[in-house]
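Visitor: My structure file upload.cif, mmCIF, C-alpha atoms, is below:
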data_run
loop_
_atom_site.label_atom_id
_atom_site.label_comp_id
_atom_site.auth_asym_id
_atom_site.auth_seq_id
_atom_site.Cartn_x
_atom_site.Cartn_y
_atom_site.Cartn_z
CA MET M 18 39.55 4.52 -6.46
CA THR M 19 37.52 3.39 -9.48
CA PRO M 20 33.98 4.76 -9.94
CA LEU M 21 32.63 1.18 -9.74
CA LYS M 22 34.20 0.68 -6.33
CA ARG M 23 33.09 4.13 -5.16
CA GLY M 24 29.56 3.26 -6.25
CA PHE M 25 29.61 -0.02 -4.34
CA LEU M 26 30.99 1.72 -1.23
CA SER M 27 28.33 4.44 -1.51
CA ILE M 28 25.70 1.80 -0.73
CA LEU M 29 27.42 0.58 2.45
CA PRO M 30 26.16 3.43 4.69
CA ILE M 31 22.61 2.73 3.48
CA VAL M 32 22.92 -0.99 4.26
CA SER M 33 21.68 -0.36 7.81
CA GLY M 34 18.41 0.71 6.17
CA ILE M 35 18.32 -1.99 3.51
CA LEU M 36 18.97 -5.00 5.76
CA PRO M 37 15.94 -4.65 8.08
CA PHE M 38 13.69 -3.87 5.11
CA GLY M 39 14.96 -6.98 3.30
CA VAL M 40 14.49 -9.14 6.38
CA VAL M 41 10.89 -7.93 6.70
CA MET M 42 10.39 -8.72 3.02
CA GLY M 43 11.74 -12.23 3.45
CA ALA M 44 9.62 -12.79 6.55
CA THR M 45 6.55 -11.60 4.61
CA PHE M 46 7.26 -14.16 1.87
CA SER M 47 7.64 -16.84 4.51
CA GLU M 48 4.46 -15.86 6.38
CA ALA M 49 2.52 -15.91 3.09
CA GLN M 50 3.77 -19.53 2.70
CA LEU M 51 5.23 -18.81 -0.72
CA PRO M 52 7.50 -21.61 -1.95
CA PHE M 53 11.15 -20.53 -2.11
CA TRP M 54 11.28 -20.43 -5.93
CA GLN M 55 8.23 -18.14 -6.09
CA ALA M 56 9.66 -15.79 -3.47
CA LEU M 57 13.00 -15.77 -5.29
CA PHE M 58 11.32 -15.19 -8.67
CA MET M 59 9.32 -12.21 -7.40
CA ASN M 60 12.22 -10.74 -5.45
CA VAL M 61 14.72 -10.99 -8.30
CA ALA M 62 12.52 -10.24 -11.30
CA LEU M 63 10.26 -7.56 -9.82
CA TYR M 64 12.97 -6.24 -7.47
CA SER M 65 10.77 -3.67 -5.77
CA GLY M 66 10.36 -4.05 -2.01
CA ALA M 67 7.61 -1.48 -1.55
CA ALA M 68 5.45 -2.96 -4.32
CA GLN M 69 6.09 -6.51 -3.09
CA LEU M 70 5.18 -5.62 0.52
CA ALA M 71 1.99 -3.91 -0.66
CA THR M 72 0.78 -6.61 -3.05
CA ILE M 73 1.47 -9.83 -1.13
CA PRO M 74 -1.21 -9.06 1.51
CA LEU M 75 -3.61 -8.25 -1.37
CA MET M 76 -2.84 -11.59 -3.02
CA LYS M 77 -3.41 -13.38 0.29
CA LEU M 78 -6.91 -11.85 0.26
CA LYS M 79 -7.43 -13.03 -3.38
CA THR M 80 -7.93 -9.45 -4.56
CA ALA M 81 -8.78 -8.91 -8.24
CA VAL M 82 -5.74 -9.08 -10.54
CA PHE M 83 -6.20 -5.54 -11.87
CA VAL M 84 -6.20 -4.14 -8.31
CA VAL M 85 -3.05 -6.07 -7.31
CA VAL M 86 -1.18 -5.18 -10.52
CA GLY M 87 -2.47 -1.59 -10.47
CA THR M 88 -1.32 -1.13 -6.86
CA GLY M 89 2.14 -2.49 -7.64
CA LEU M 90 2.56 -0.35 -10.75
CA ILE M 91 1.31 2.84 -9.09
CA ILE M 92 3.86 2.36 -6.32
CA ASN M 93 6.56 1.74 -8.94
CA ILE M 94 5.66 4.66 -11.17
CA ARG M 95 8.20 6.77 -9.26
CA PHE M 96 10.86 4.83 -11.18
CA LEU M 97 9.75 6.84 -14.22
CA LEU M 98 11.33 9.91 -12.64
CA TYR M 99 14.54 8.03 -11.81
CA SER M 100 14.67 6.65 -15.34
CA ALA M 101 14.32 10.18 -16.72
CA ALA M 102 17.08 11.43 -14.41
CA LEU M 103 19.47 8.61 -15.44
CA ALA M 104 18.74 8.94 -19.17
CA PRO M 105 21.20 11.80 -19.84
CA TYR M 106 24.09 9.61 -18.63
CA MET M 107 22.95 6.67 -20.77
CA GLN M 108 22.80 8.35 -24.15
CA LYS M 109 25.90 6.59 -25.54
CA ALA M 110 25.81 3.47 -23.35
CA PRO M 111 25.58 0.02 -24.98
CA TRP M 112 22.15 -1.62 -24.93
CA TRP M 113 23.10 -4.26 -22.35
CA ILE M 114 24.21 -1.56 -19.90
CA LYS M 115 20.86 0.19 -20.45
CA VAL M 116 19.00 -3.08 -19.78
CA PHE M 117 21.00 -3.79 -16.61
CA CYS M 118 20.66 -0.21 -15.32
CA SER M 119 16.90 -0.22 -15.99
CA PHE M 120 16.45 -3.57 -14.28
CA THR M 121 18.40 -2.56 -11.16
CA LEU M 122 16.87 0.89 -10.71
CA THR M 123 15.87 1.34 -7.06
CA ASP M 124 15.31 4.24 -4.66
CA GLN M 125 18.64 3.56 -2.97
CA SER M 126 20.84 3.13 -6.05
CA TYR M 127 19.34 6.24 -7.65
CA ALA M 128 19.62 8.27 -4.42
CA ALA M 129 23.26 7.19 -3.91
CA MET M 130 24.06 8.27 -7.44
CA SER M 131 22.25 11.61 -7.25
CA ALA M 132 24.02 12.40 -3.96
CA HIS M 133 27.39 12.01 -5.76
CA SER M 134 26.40 13.55 -9.10
CA ASP M 135 28.86 16.42 -8.72
CA SER M 136 31.83 14.05 -8.64
CA PHE M 137 31.40 12.50 -12.12
CA GLU M 138 33.82 13.75 -14.76
CA THR M 139 32.26 11.83 -17.65
CA ASN M 140 29.07 9.90 -18.36
CA GLU M 141 31.13 6.67 -18.30
CA ASP M 142 32.20 7.51 -14.72
CA ALA M 143 28.56 8.08 -13.79
CA ILE M 144 27.50 4.75 -15.31
CA ARG M 145 30.31 2.83 -13.57
CA PHE M 146 29.42 4.50 -10.26
CA TYR M 147 25.77 3.58 -10.79
CA LEU M 148 26.67 -0.04 -11.64
CA GLY M 149 28.67 -0.27 -8.40
CA SER M 150 25.84 1.08 -6.29
CA ALA M 151 23.29 -1.12 -8.10
CA LEU M 152 25.42 -4.25 -7.58
CA GLY M 153 25.81 -3.41 -3.88
CA MET M 154 22.09 -2.86 -3.51
CA PHE M 155 21.33 -6.10 -5.37
CA PHE M 156 23.67 -8.11 -3.13
CA PHE M 157 22.51 -6.70 0.21
CA TRP M 158 18.83 -6.71 -0.69
CA HIS M 159 18.74 -10.36 -1.74
CA SER M 160 20.98 -11.50 1.12
CA SER M 161 18.76 -9.84 3.72
CA THR M 162 15.59 -11.16 2.07
CA LEU M 163 17.03 -14.66 2.22
CA ILE M 164 17.78 -14.21 5.94
CA GLY M 165 14.20 -13.02 6.51
CA TYR M 166 12.77 -15.96 4.55
CA VAL M 167 14.81 -18.54 6.45
CA PHE M 168 14.78 -17.11 9.98
CA GLY M 169 11.71 -14.80 9.99
CA ASN M 170 11.74 -11.26 11.33
CA ILE M 171 14.55 -11.56 13.89
CA ALA M 172 14.89 -7.90 14.83
CA PRO M 173 13.00 -6.79 17.98
CA ALA M 174 10.35 -4.09 17.31
CA SER M 175 11.90 -1.87 20.01
CA LEU M 176 14.84 -1.12 17.68
CA ASN M 177 12.46 0.64 15.25
CA LEU M 178 14.49 -0.64 12.32
CA ASP M 179 11.60 0.15 9.98
CA TYR M 180 12.65 3.81 10.38
CA ALA M 181 16.19 3.14 9.10
CA VAL M 182 15.20 3.41 5.42
CA PRO M 183 13.45 6.81 5.87
CA LEU M 184 16.49 8.04 7.85
CA SER M 185 18.86 6.98 5.07
CA PHE M 186 16.73 9.04 2.64
CA VAL M 187 17.11 12.07 4.95
CA ALA M 188 20.89 11.72 4.65
CA LEU M 189 20.67 11.35 0.86
CA LEU M 190 18.35 14.35 0.50
CA ILE M 191 20.55 16.93 2.25
CA PRO M 192 23.39 17.02 -0.36
CA SER M 193 20.83 17.49 -3.14
CA LEU M 194 19.45 20.71 -1.58
CA LYS M 195 21.89 22.93 -3.44
CA THR M 196 19.83 26.12 -3.75
CA ASN M 197 16.93 27.80 -1.97
CA ASN M 198 14.67 26.58 -4.78
CA HIS M 199 15.65 22.97 -4.01
CA LYS M 200 14.85 23.58 -0.34
CA LEU M 201 11.51 25.12 -1.27
CA VAL M 202 10.61 22.10 -3.43
CA ALA M 203 11.56 19.74 -0.57
CA LEU M 204 9.33 21.74 1.78
CA VAL M 205 6.41 21.64 -0.69
CA SER M 206 6.92 17.89 -1.10
CA SER M 207 6.95 17.40 2.70
CA LEU M 208 3.69 19.29 3.22
CA LEU M 209 1.95 17.73 0.22
CA SER M 210 2.97 14.23 1.28
CA LEU M 211 1.07 14.74 4.55
CA LEU M 212 -1.99 16.21 2.84
CA LEU M 213 -2.13 13.64 0.03
CA TYR M 214 -1.18 10.56 2.05
CA PRO M 215 -4.80 9.39 2.43
CA MET M 216 -5.25 9.17 -1.37
CA PRO M 217 -6.39 5.70 -2.49
CA LEU M 218 -4.01 2.98 -3.73
CA ARG M 219 -1.01 4.87 -2.32
CA THR M 220 -1.19 7.38 -5.17
CA GLY M 221 -0.25 10.16 -2.74
CA LEU M 222 3.46 9.52 -3.26
CA ILE M 223 3.53 9.94 -7.02
CA THR M 224 1.02 12.82 -6.94
CA THR M 225 3.21 14.63 -4.42
CA ALA M 226 6.33 14.01 -6.53
CA LEU M 227 4.67 15.20 -9.76
CA ILE M 228 3.25 18.39 -8.19
CA SER M 229 6.63 19.12 -6.59
CA ILE M 230 8.37 18.65 -9.96
CA GLY M 231 5.75 21.06 -11.40
CA VAL M 232 6.67 23.60 -8.70
CA ALA M 233 10.36 23.12 -9.56
CA TRP M 234 9.60 23.72 -13.25
CA VAL M 235 7.75 26.96 -12.42
CA LEU M 236 10.67 28.11 -10.23
CA ILE M 237 13.20 27.40 -12.99
CA LYS M 238 11.07 29.14 -15.62
CA ARG M 239 10.51 32.18 -13.38
CA ARG M 240 14.23 32.55 -12.80
CA LYS M 241 15.01 32.30 -16.52
CA VAL M 242 12.46 35.00 -17.49
CA MET G 17 -1.60 -19.90 0.82
CA ILE G 18 -1.55 -17.99 -2.46
CA GLU G 19 -2.62 -20.08 -5.45
CA GLN G 20 0.32 -20.55 -7.84
CA ASN G 21 -1.25 -19.46 -11.15
CA TYR G 22 -2.85 -16.42 -9.53
CA PHE G 23 0.51 -15.45 -7.96
CA LEU G 24 2.39 -15.90 -11.24
CA THR G 25 -0.20 -13.92 -13.25
CA ASN G 26 0.00 -10.97 -10.86
CA THR G 27 3.78 -11.11 -10.55
CA LEU G 28 4.42 -11.43 -14.31
CA LEU G 29 2.12 -8.50 -15.11
CA MET G 30 3.84 -6.38 -12.45
CA ILE G 31 7.27 -7.38 -13.77
CA ILE G 32 6.35 -6.42 -17.36
CA GLY G 33 4.87 -3.09 -16.22
CA THR G 34 7.80 -2.28 -13.94
CA VAL G 35 10.41 -3.12 -16.60
CA CYS G 36 8.57 -0.74 -18.98
CA ILE G 37 8.50 2.00 -16.32
CA ARG G 38 12.15 1.57 -15.34
CA GLY G 39 13.38 1.32 -18.89
CA SER G 40 11.13 3.96 -20.44
CA PHE G 41 13.51 6.93 -20.58
CA ILE G 42 16.75 4.95 -20.42
CA ALA G 43 15.82 2.86 -23.50
CA PHE G 44 15.27 5.97 -25.61
CA ALA G 45 18.09 7.96 -24.00
CA SER G 46 20.02 8.29 -27.28
CA ARG G 47 16.99 9.80 -29.03
CA LEU G 48 16.07 12.16 -26.21
CA LYS G 49 16.94 15.79 -26.61
CA ILE G 50 17.66 17.02 -23.12
CA THR G 51 17.47 20.78 -22.83
CA PRO G 52 19.35 22.66 -20.10
CA ILE G 53 16.01 23.33 -18.35
CA THR G 54 15.15 19.62 -18.33
CA ARG G 55 18.63 18.78 -17.05
CA GLU G 56 18.18 21.30 -14.24
CA LEU G 57 14.72 19.92 -13.53
CA PHE G 58 16.25 16.46 -12.95
CA THR G 59 18.30 17.88 -10.06
CA PHE G 60 14.99 18.54 -8.27
CA ILE G 61 13.86 14.89 -8.35
CA PRO G 62 15.45 13.93 -4.98
CA ALA G 63 13.93 17.05 -3.37
CA ALA G 64 10.54 16.19 -4.87
CA ILE G 65 10.38 12.52 -4.00
CA LEU G 66 12.55 11.73 -0.95
CA PRO G 67 10.53 13.87 1.54
CA ALA G 68 7.37 12.24 0.15
CA ILE G 69 8.80 8.90 1.33
CA PHE G 70 10.26 9.79 4.74
CA ILE G 71 7.69 12.38 5.95
CA PRO G 72 4.74 9.91 5.88
CA ALA G 73 7.02 7.31 7.53
CA THR G 74 7.49 9.84 10.35
CA PHE G 75 3.89 10.91 10.85
CA PHE G 76 1.82 8.01 9.50
CA HIS G 77 3.84 5.05 10.75
CA GLN G 78 0.90 3.81 12.81
CA GLY G 79 -1.45 3.92 9.82
CA GLN G 80 -2.93 7.34 10.54
CA LEU G 81 -1.72 10.87 11.15
CA ASP G 82 -0.79 10.87 14.83
CA LEU G 83 1.26 13.85 15.96
CA ILE G 84 1.17 12.72 19.58
CA ALA G 85 2.38 9.13 19.21
CA GLY G 86 4.67 10.12 16.35
CA LYS G 87 6.33 13.02 18.13
CA GLU G 88 9.47 10.99 18.92
CA ARG G 89 10.00 10.39 15.22
CA PHE G 90 9.39 14.06 14.48
CA ILE G 91 12.00 15.11 17.07
CA VAL G 92 14.43 12.53 15.68
CA LEU G 93 13.79 13.76 12.13
CA LEU G 94 14.48 17.38 13.06
CA ILE G 95 17.71 16.49 14.87
CA CYS G 96 18.86 14.25 12.00
CA LEU G 97 18.11 16.96 9.41
CA GLY G 98 20.17 19.44 11.41
CA ALA G 99 23.02 17.03 12.15
CA THR G 100 23.24 15.73 8.57
CA TYR G 101 23.51 19.29 7.30
CA PHE G 102 26.91 19.48 9.02
CA ILE G 103 28.02 15.83 8.94
CA ARG G 104 27.05 14.43 5.57
CA ASN G 105 27.29 10.76 6.31
CA THR G 106 24.41 8.34 5.82
CA LEU G 107 25.60 5.84 8.42
CA PHE G 108 25.95 8.64 10.98
CA CYS G 109 22.41 9.86 10.23
CA VAL G 110 20.85 6.38 10.50
CA GLY G 111 22.85 5.50 13.63
CA LEU G 112 22.06 8.79 15.34
CA GLY G 113 18.37 8.58 14.41
CA LEU G 114 17.84 5.01 15.57
CA SER G 115 19.76 5.55 18.84
CA LEU G 116 17.76 8.70 19.59
CA LEU G 117 14.48 6.99 18.77
CA TYR G 118 15.35 4.03 21.01
CA THR G 119 16.33 6.41 23.85
CA LEU G 120 13.21 8.56 23.49
CA HIS G 121 10.97 5.48 23.48
CA ALA G 122 12.77 4.13 26.56
CA LEU G 123 12.35 7.49 28.36
CA THR G 124 8.67 7.85 27.49
CA ALA G 125 7.72 4.21 28.14
#
Starting from the file, give its structure as structure tokens.
Guide:
Amino acid sequence: MTPLKRGFLSILPIVSGILPFGVVMGATFSEAQLPFWQALFMNVALYSGAAQLATIPLMKLKTAVFVVVGTGLIINIRFLLYSAALAPYMQKAPWWIKVFCSFTLTDQSYAAMSAHSDSFETNEDAIRFYLGSALGMFFFWHSSTLIGYVFGNIAPASLNLDYAVPLSFVALLIPSLKTNNHKLVALVSSLLSLLLYPMPLRTGLITTALISIGVAWVLIKRRKV
Amino acid sequence: MIEQNYFLTNTLLMIIGTVCIRGSFIAFASRLKITPITRELFTFIPAAILPAIFIPATFFHQGQLDLIAGKERFIVLLICLGATYFIRNTLFCVGLGLSLLYTLHALTA
């Protein structure tokens, strides 16, 4: 099977998490009475569900531009880490591949790729796999958002579908815990995320990630000494 | 109703910022010198960021830390962590988790 196809298929198990999230996103657009072209523009060009869900209620309240934009960018700053992690594969890639990969970088496409990172023989394989997962994510995300926009939030709350995305991240985390140090960093991140959650403007997420990366760096350095 | 110019200003600024964030390292990938330590550090990114997304979704899903009301999700999380360790399949993990959560809610309702 080609890496592109494997990448696309790698997204399918996560679809159960993407679809409800996309439907909620579409319903949020609809409830905010955004015209279809505006919803489409934001969804395609910004392509960041968490930032969109956080900023639309702020815009409904006519919050200051710097607060809305700042909130969105702080939520999206985690993409900096994903971009850094993808960079080694992209060193010899043509510019248009770099543009496409940057534009389609999401939690799910990155997580799907990192969970399969051991299976890539070359950087070209890795890029093709990533393109497959990114295309899958792009298709399912926009389809589900469209359903949410047209039909509203059709899923009953009793199904707890909002928990499907976190559960899919649990499944994607486990294969990445290759050593005790990885497990320790995951534990530190778990505890810090609880402690730092109340930080303003949802900065707890990126603060937790950066401190955890710092812990990982210390662990690597200590082992090398 | 969100005023059109206000919406477009906010959205365009977020798009520009997000494109810069997403493209930052990838754009300069060819010029980056990636040491073995940095390469190893990248393998820690999922461990550093994924728990920071799903742990708050387990304990803070009602807007505040609530160990009592959130205990079903905590139980589901523990079972899913254990089960996924042996059966590494995302669909299995999501299906198991949601079915358990539905059952636990039905039992405690």
Visitor: I need the chain M residues near chain G as a PyMOL selection string; criterion: at most 7 Å, counting all atoms listed in the file.
Guide: chain M and resi 30-31+49-50+59+62-63+76-77+82+85-86+89-90+93-94+96-97+100-105+107-109+115+119-120+122+175-177+181+183-191+193-194+199+202-203+206-207+210-211+222+225-226+229-230+233-234
Visitor: Work out how far apart atom CA of Ala68 of chain M and atom CA of Thr88 of chain M are and give it in Å to one decimal.
Guide: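 Rounded to one decimal, the two atoms are 7.5 Å apart.
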Visitor: Which distance in Å separates atom CA of Leu178 of chain M and atom CA of Val41 of chain M, to one decimal?
Guide: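 Those two atoms sit 9.9 Å apart.
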Visitor: If the PyMOL selection byres ((chain M and resi 126) around 8) were run on this exact file, what residues would it hold? Put them as an NGL selection string.
Guide: :M and (28 or 122-125 or 127-130 or 147 or 150-151 or 154)
Visitor: Using all atoms listed in the file, which protein or nucleic acid residues come within 7 Å of Gly43 of chain M? Drop anything in the same chain fewer than 6 positions from it, and give the result as a list in words.
Guide: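 Here the answer would be Thr162, Leu163, Ile164, Gly165 and Tyr166 of chain M.
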Visitor: Rounded to one decimal, what separation in Å do you get between atom CA of Leu152 of chain M and atom CA of Tyr106 of chain M?
Guide: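 Here the two named atoms are 17.8 Å from each other.
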Visitor: Check the smallest atom-to-atom distance from each of M:Phe46, M:Phe58, M:Phe137, M:Trp112 to Ala71 of chain M using all atoms listed in the file, then report the winner.
Guide: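 The closest residue to Ala71 of chain M is M:Phe46.
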Visitor: Apply the PyMOL selection byres ((chain M and resi 143) around 10) to the file shown and report the selected residues as a list in words.
Guide: Pro20, Leu21, Gly24, Leu103, Tyr106, Met107, Met130, Ser131, His133, Ser134, Asp135, Ser136, Phe137, Glu138, Thr139, Asn140, Glu141, Asp142, Ile144, Arg145, Phe146, Tyr147, Leu148 and Gly149 of chain M
Visitor: Which one is closest to Gly66 of chain M: M:Val182, M:Leu51, M:Ile114, M:Val84? Count only C-alpha atoms.
Guide: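 Counting only C-alpha atoms, the residue closest to Gly66 of chain M is M:Val182.
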